[in-house]
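These notes are about the structure you will find just below.
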There are 2 protein chains.
Amino acid sequence: MSRKVPYRFYLTEDQMPTQWYNLRADMKEQPDPLLNPATLEPLKEEDLYPIFCKELAHQEMDSKTRYYDIPEEILGMYKIYRPSPLIRAYNLEKELGTPAKIYYKFEGNNTSGSHKLNSAIAQAYYAKKQGLTSLTTETGAGQWGTALSEACAYFGIPLTVFMVKCSFEQKPFRKAVMQTFDADVIPSPSTTTQVGRKILEENPGTTGSLGCAISEAVEKATTTEGCRYVLGSVLNQVLLHQSIIGLEAKKAMEILEEYPDVVIGCAGGGSNLGGLISPFMRDKIVDGKDVRIVAVEPASCPSFTRGKYAYDFCDTGKVTPMAKMYTLGCSFMPSANHAGGLRYHGMSPILSKLYHDGLMEAVSYEQTAVFEAAKLFARVETILPAPESSHAIKGAIDEALRCKETGEEKTILFGLTGTGYFDMTAYSAFHDGTMKDYIPTDEELEKGFEKLPKVDK
Amino acid sequence: MSRKVPYRFYLTEDQMPTQWYNLRADMKEQPDPLLNPATLEPLKEEDLYPIFCKELAHQEMDSKTRYYDIPEEILGMYKIYRPSPLIRAYNLEKELGTPAKIYYKFEGNNTSGSHKLNSAIAQAYYAKKQGLTSLTTETGAGQWGTALSEACAYFGIPLTVFMVKCSFEQKPFRKAVMQTFDADVIPSPSTTTQVGRKILEENPGTTGSLGCAISEAVEKATTTEGCRYVLGSVLNQVLLHQSIIGLEAKKAMEILEEYPDVVIGCAGGGSNLGGLISPFMRDKIVDGKDVRIVAVEPASCPSFTRGKYAYDFCDTGKVTPMAKMYTLGCSFMPSANHAGGLRYHGMSPILSKLYHDGLMEAVSYEQTAVFEAAKLFARVETILPAPESSHAIKGAIDEALRCKETGEEKTILFGLTGTGYFDMTAYSAFHDGTMKDYIPTDEELEKGFEKLPKVDK
């Protein structure tokens with residue numbers, strides 16, 4: 001306690017982790033396997049080869065290998081923008097008058113503006129190594145598309161990005177950034193794919209969803225020679241790559257002689273949350289450490305807090321394998337007035353299993369409350385947060401205010417996944433008072449659940 | 001040389017400078033004094049009190065004090081986002097195939113997205129300390145307005161920002177960021193001031209200039225009780241605050257056992273360049289160190305390379321004192337198709353004097369060449385640079401390519417002042433091929449010079 005913690009703490013390059021951590025190797029029960037939707041049989045690694053490059057298919061299915069060495073080429077790109085800082089939020093603590101110590105791991109210090117680059121680099125690298133000649137993906141808020149464009153430009157692979165239409169329209173500058181990195185950006189649903197045309201017929205005027213965009217990207221990947229699909233969240237491989245966030249955070253806290261009582265992250269598909277919590281969840285599972293893990297999600301897309309734990313498709317067009325996860329149903333379309341990312345109907349199978357087993361908690365917030373928190377945070381901490389990240393900020397603030405009531409000096413760690421420079425349309429709506437909250441009714445959710453595939457597993 | 005230099009190097013909080021450096025204390029000849037435009041007499045410190053708060057007026061006039069202790073409150077805000085990293089551009093070096101070592105000091109890691117915050121914090125702090133109740137300023141590309149909004153929100157002072165109209169229109173999201181920090185943003189020229197109305201009458205349809213916006217901000221400050229004006233560049237006080245950039249860079253290089261052969265910075269009004277070079281210029285003047293200092297400016301607003309060294313007004317409306325500087329004439333309006341900042345007709349009097357005395361060099365580039373450099377840099381270094389900063393990138397790349405020809409292993413240091421997230425309109429124009437270069441003709445420049453005030457000094 002005598003040690004003075006700096007505002008910003010950076011590991012040195014020598015202290016940076018050189019391995020990813022695979023949390024599945026320490027989970028007492030594994031997530032249920034991916035299923036072939038035609039046969040309902042568990043998928044084998046080879047079954048994924050038409051969609052993913054081989055190394056990534058292997059990482060997706062491998063629950064045994066505890067640590068993966070990060071290839072030199074990937075470390076080489078990590079070192080351009082990593083380590084990310086672990087920041088002590090002294091000013092936020094002071095503003096709130098809380099006895100809690102608040103730390104955040106800030107992942108916004110790169111052109112993609114978010115943590116997404118950590119997995120994009122890995123996925124682009126393995127694709128290049130296998131000799132693939134192009135990649136496809138989808139993007140919602142645009143962070144993943146930007147990150148992958150950047151990684152593909154770096155490794156020299158052409159990329160097509162299907163961008164959820166409402167984001168494409170709300171965020172014209174996101175498109176321009178992706179073009180700076182030579183990506184081809186298409187608003188989704190589009191008429192360039194069969195599944196896109198079908199979705200447009202059934203839902204004319206739809207503003208799209210991540211689920212639709214995934215269907216289109218997968219179709220293009222599987223029907224184009226030398227092309228594969230890559231995804232920025234949900235998948236086990238993504239959580240593996242994102243473990244770099246948690247590993248760095250834990251190491252930095254060790255050096256500062258700290259350990260979190262509670263770890264808080266925003267949850268859309270789970271990429272940031274899964275990465276941030278992985279070493280702490282390990283401590284909880286393996287060493288019985290008393291650490292709370294909290295997922296924060298939007299009330300408008302509440303997969304953890306109001307979804308079903310069931311087998312479902314990963315996309316709206318039902319072209320992907322089925323995964324056992326918390327889901328709102330693959331036909332769920334979040335309200336167009338919901339800002340930013342965190343629009344996915346499902347949730348990482350790993351996180352879903354952990355939540356189901358009572359190893360983590362989840363809360364949801366409405367978006368105006370989240371933007372209130374974002375504005376307060378920006379003023380005192382000089383970082384303009386992305387709407388997604390601001391969910392975690394709101395969660396951390398509420399935790400710190402509870403500590404103020406009880407007088408507990410808890411140590412809070414949260415993930416600040418990115419910056420909000422491309423979300424100013426949403427910020428403007430918040431200032432103007434035109435931003436509306438939206439919570440789906442039970443009836444709306446029931447409709448989604450009725451369409452869940454029937455799987456006796 | 002055996003020491004492995006990391007990609008990113010951060011000073012620890014303990015190593016951060018706690019003083020600013022006042023280069024004037026080591027200059028053999030001082031810049032000529034500011035003049036009262038009515039009497040043509042040199043101004044005294046007290047003459048500035050109606051415009052600037054007292055401490056800043058003092059700093060503006062003080063050429064004696066070599067080091068200023070940075071107040072605790074300012075250090076407290078600096079520590080939220082500083083130190084900024086000194087980055088070894090290994091990837092850029094590799095891409096260029098140069099034997100040169102390229103370092104850059106990256107100032108974009110804060111919500112304002114640029115180095116401007118370093119002086120904004122100081123200016124807002126001293127205003128608050130003096131008990132002022134509001135501030136006015138102008139902003140061109142929007143970086144300064146954003147930075148000052150942020151600093152004013154932090155210290156709790158209301159702020160009005162006059163934003164150059166073409167930027168206001170090209171960068172709607174800049175406005176939204178300033179509003180997040182509760183600033184009142186007005187496009188300039190506006191009808192809210194006498195001088196604005198006069199400029200609009202004389203130049204209907206003008207897209208504005210920094211010079212106009214300054215006139216409006218000064219008028220509002222001097223006609224409002226408890227209000228003062230603050231400026232983000234050109235002034236001596238700003239260069240003093242920005243010395244933090246150079247001091248950090250020099251200290252980091254010392255630890256890495258490096259010293260630059262050449263220091264390169266972009267130059268609009270001189271805030272970044274003056275701050276970055278100050279300790280190196282000291283070494284050159286005091287210790288006779290052999291270090292080249294290079295200013296890079298846009299060919300469309302070439303104050304160093306094609307301007308006159310003469311007394312001129314600092315604003316278009318001629319309401320400010322006169323300064324001896326390199327100038328294109330205070331009526332000069334840069335072409336509307338010139339992207340980003342670096343649009344000011346004049347140049348810091350300190351830098352002007354150094355340039356006039358042969359202590360530094362200057363080059364100019366056309367904007368498409370600058371965006372080429374920006375795009376290359378973004379791809380290999382994962383930072384999307386601001387157009388202003390990209391001038392320095394272009395300068396550094398050209399220097400590195402010359403080293404490739406000659407085989408010289410020079411050490412290059414350049415300033416990367418900020419990020420380009422709000423400049424995507426310009427990036428899009430570059431992609432579309434609609435971006436045009438513009439170089440003023442000799443006749444156009446002559447017109448500006450003819451209007452220079454007649455001063456026999």
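Note on naming: chains are A, B, ... as they come in the structure tokens, residues start from 1 per chain, ligands start from 1 in the order shown.
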Please identify which residues in range 62-159 of chain A DSSP calls alpha helix (DSSP H) from the backbone, and express them as a PyMOL selection string.
chain A and resi 72-81+90-96+117-129+143-155
Could you tell me which residues of chain A sit within 6 Å of chain B when counting only C-alpha atoms, and give me the result as number ranges by chain?
A: 7, 80, 110-111, 154, 173, 176, 379, 382-384, 424, 428
For range 202-211 of chain A: contacts at 7 Å, only C-alpha atoms, fewer than 4 positions along chain excluded, given as a compact mmCIF listing (two decimals) with C-alpha atoms, in the first residue's frame:
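Result file follows (part_31.txt):
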# COMPACT_ATOMS: atom_id res chain seq x y z
CA THR A 139 -18.64 -5.63 -39.00
CA GLY A 140 -21.26 -4.01 -36.78
CA VAL A 164 -24.35 -3.79 -40.93
CA LYS A 165 -26.40 -1.27 -42.90
CA CYS A 166 -27.38 1.02 -40.02
CA SER A 188 -25.48 -5.61 -45.42
CA PRO A 189 -27.96 -7.03 -46.25
CA LYS A 198 -33.42 -13.54 -49.34
CA SER A 215 -24.40 -15.04 -43.33
CA CYS A 314 -24.55 -18.13 -35.18
CA ASP A 315 -26.11 -16.14 -38.04
CA THR A 316 -29.49 -14.99 -39.26
CA CYS A 330 -30.87 -15.88 -34.55
CA MET A 333 -32.91 -7.76 -34.80
CA ALA A 336 -32.17 0.56 -35.01
CA ARG A 343 -25.92 -5.98 -31.26
CA TYR A 344 -25.32 -9.71 -31.57
Applying 12 Å and only C-alpha atoms, which residues near Gly232 in chain A remain after dropping the ones on its own chain fewer than 3 positions away? List them as a VMD selection string.
chain A and resid 114 to 124 136 to 149 161 210 214 229 235 to 242 268 to 272 344 348
Taking the DSSP assignment computed from this structure's backbone, write out as a VMD selection string all residues of range 30-244 of chain A that belong to strand (DSSP E).
chain A and resid 67 to 69 86 to 88 101 to 106 134 to 139 159 to 164 184 to 188 227 to 229
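Closest approach to Asp47 in chain A among A:Pro321, A:Asp69, A:Ser300, A:Asn337: A:Pro321, based on only C-alpha atoms.
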Contact residues around Gln19 in chain B with only C-alpha atoms at 12 Å, ignoring same-chain residues under 4 positions, as a PyMOL selection string
chain B and resi 15+65-72+74-75+240-248
Just to be explicit: take each residue in the selection above, keep N, CA and C atoms, and write the result as a PDB file, in the first residue's frame.
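Heads up, here's the output in again_34.pdb:
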ATOM      1  N   GLN B  15       9.914   9.801 -14.131  1.00  0.00           N
ATOM      2  CA  GLN B  15      10.876  10.398 -15.073  1.00  0.00           C
ATOM      3  C   GLN B  15      10.285  11.576 -15.842  1.00  0.00           C
ATOM      4  N   THR B  65      13.305  33.890 -17.566  1.00  0.00           N
ATOM      5  CA  THR B  65      13.197  32.672 -16.753  1.00  0.00           C
ATOM      6  C   THR B  65      13.424  31.443 -17.636  1.00  0.00           C
ATOM      7  N   ARG B  66      14.467  30.685 -17.315  1.00  0.00           N
ATOM      8  CA  ARG B  66      14.824  29.557 -18.178  1.00  0.00           C
ATOM      9  C   ARG B  66      13.862  28.383 -17.990  1.00  0.00           C
ATOM     10  N   TYR B  67      13.545  28.056 -16.744  1.00  0.00           N
ATOM     11  CA  TYR B  67      12.645  26.935 -16.456  1.00  0.00           C
ATOM     12  C   TYR B  67      11.485  27.398 -15.592  1.00  0.00           C
ATOM     13  N   TYR B  68      10.302  26.965 -15.927  1.00  0.00           N
ATOM     14  CA  TYR B  68       9.107  27.221 -15.131  1.00  0.00           C
ATOM     15  C   TYR B  68       8.666  25.919 -14.464  1.00  0.00           C
ATOM     16  N   ASP B  69       8.494  25.936 -13.135  1.00  0.00           N
ATOM     17  CA  ASP B  69       7.898  24.766 -12.487  1.00  0.00           C
ATOM     18  C   ASP B  69       6.470  24.592 -12.999  1.00  0.00           C
ATOM     19  N   ILE B  70       6.119  23.388 -13.356  1.00  0.00           N
ATOM     20  CA  ILE B  70       4.743  23.119 -13.787  1.00  0.00           C
ATOM     21  C   ILE B  70       3.895  22.933 -12.532  1.00  0.00           C
ATOM     22  N   PRO B  71       2.815  23.738 -12.369  1.00  0.00           N
ATOM     23  CA  PRO B  71       1.994  23.605 -11.157  1.00  0.00           C
ATOM     24  C   PRO B  71       1.448  22.182 -10.977  1.00  0.00           C
ATOM     25  N   GLU B  72       1.290  21.784  -9.726  1.00  0.00           N
ATOM     26  CA  GLU B  72       0.803  20.440  -9.379  1.00  0.00           C
ATOM     27  C   GLU B  72      -0.510  20.095 -10.097  1.00  0.00           C
ATOM     28  N   ILE B  74      -1.648  21.125 -12.899  1.00  0.00           N
ATOM     29  CA  ILE B  74      -1.421  20.851 -14.319  1.00  0.00           C
ATOM     30  C   ILE B  74      -0.752  19.489 -14.475  1.00  0.00           C
ATOM     31  N   LEU B  75       0.256  19.222 -13.640  1.00  0.00           N
ATOM     32  CA  LEU B  75       0.898  17.902 -13.679  1.00  0.00           C
ATOM     33  C   LEU B  75      -0.137  16.796 -13.443  1.00  0.00           C
ATOM     34  N   LEU B 240       6.183  27.596 -24.751  1.00  0.00           N
ATOM     35  CA  LEU B 240       6.683  27.232 -23.410  1.00  0.00           C
ATOM     36  C   LEU B 240       6.000  25.949 -22.929  1.00  0.00           C
ATOM     37  N   HIS B 241       4.653  25.923 -22.967  1.00  0.00           N
ATOM     38  CA  HIS B 241       3.914  24.740 -22.483  1.00  0.00           C
ATOM     39  C   HIS B 241       4.233  23.510 -23.333  1.00  0.00           C
ATOM     40  N   GLN B 242       4.365  23.733 -24.635  1.00  0.00           N
ATOM     41  CA  GLN B 242       4.597  22.593 -25.525  1.00  0.00           C
ATOM     42  C   GLN B 242       6.025  22.066 -25.416  1.00  0.00           C
ATOM     43  N   SER B 243       6.886  22.761 -24.699  1.00  0.00           N
ATOM     44  CA  SER B 243       8.249  22.244 -24.529  1.00  0.00           C
ATOM     45  C   SER B 243       8.236  20.872 -23.858  1.00  0.00           C
ATOM     46  N   ILE B 244       7.136  20.538 -23.203  1.00  0.00           N
ATOM     47  CA  ILE B 244       7.011  19.212 -22.574  1.00  0.00           C
ATOM     48  C   ILE B 244       7.242  18.094 -23.613  1.00  0.00           C
ATOM     49  N   ILE B 245       6.842  18.347 -24.856  1.00  0.00           N
ATOM     50  CA  ILE B 245       7.026  17.331 -25.907  1.00  0.00           C
ATOM     51  C   ILE B 245       8.509  17.063 -26.129  1.00  0.00           C
ATOM     52  N   GLY B 246       9.245  18.149 -26.344  1.00  0.00           N
ATOM     53  CA  GLY B 246      10.668  18.005 -26.620  1.00  0.00           C
ATOM     54  C   GLY B 246      11.443  17.486 -25.418  1.00  0.00           C
ATOM     55  N   LEU B 247      11.066  17.964 -24.234  1.00  0.00           N
ATOM     56  CA  LEU B 247      11.772  17.539 -23.020  1.00  0.00           C
ATOM     57  C   LEU B 247      11.600  16.037 -22.790  1.00  0.00           C
ATOM     58  N   GLU B 248      10.374  15.560 -22.975  1.00  0.00           N
ATOM     59  CA  GLU B 248      10.139  14.118 -22.834  1.00  0.00           C
ATOM     60  C   GLU B 248      10.902  13.335 -23.898  1.00  0.00           C
TER      61      GLU B 248
END
Figure out the distance between CA of Met61 in chain B and CA of Ala38 in chain B, please, to one decimal in Å.
19.4 Å
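For the choices B:Gly418, B:Gln170, B:Thr222, B:Val370, the atom-to-atom distance to Glu107 in chain B is smallest for B:Gly418 when using only C-alpha atoms.
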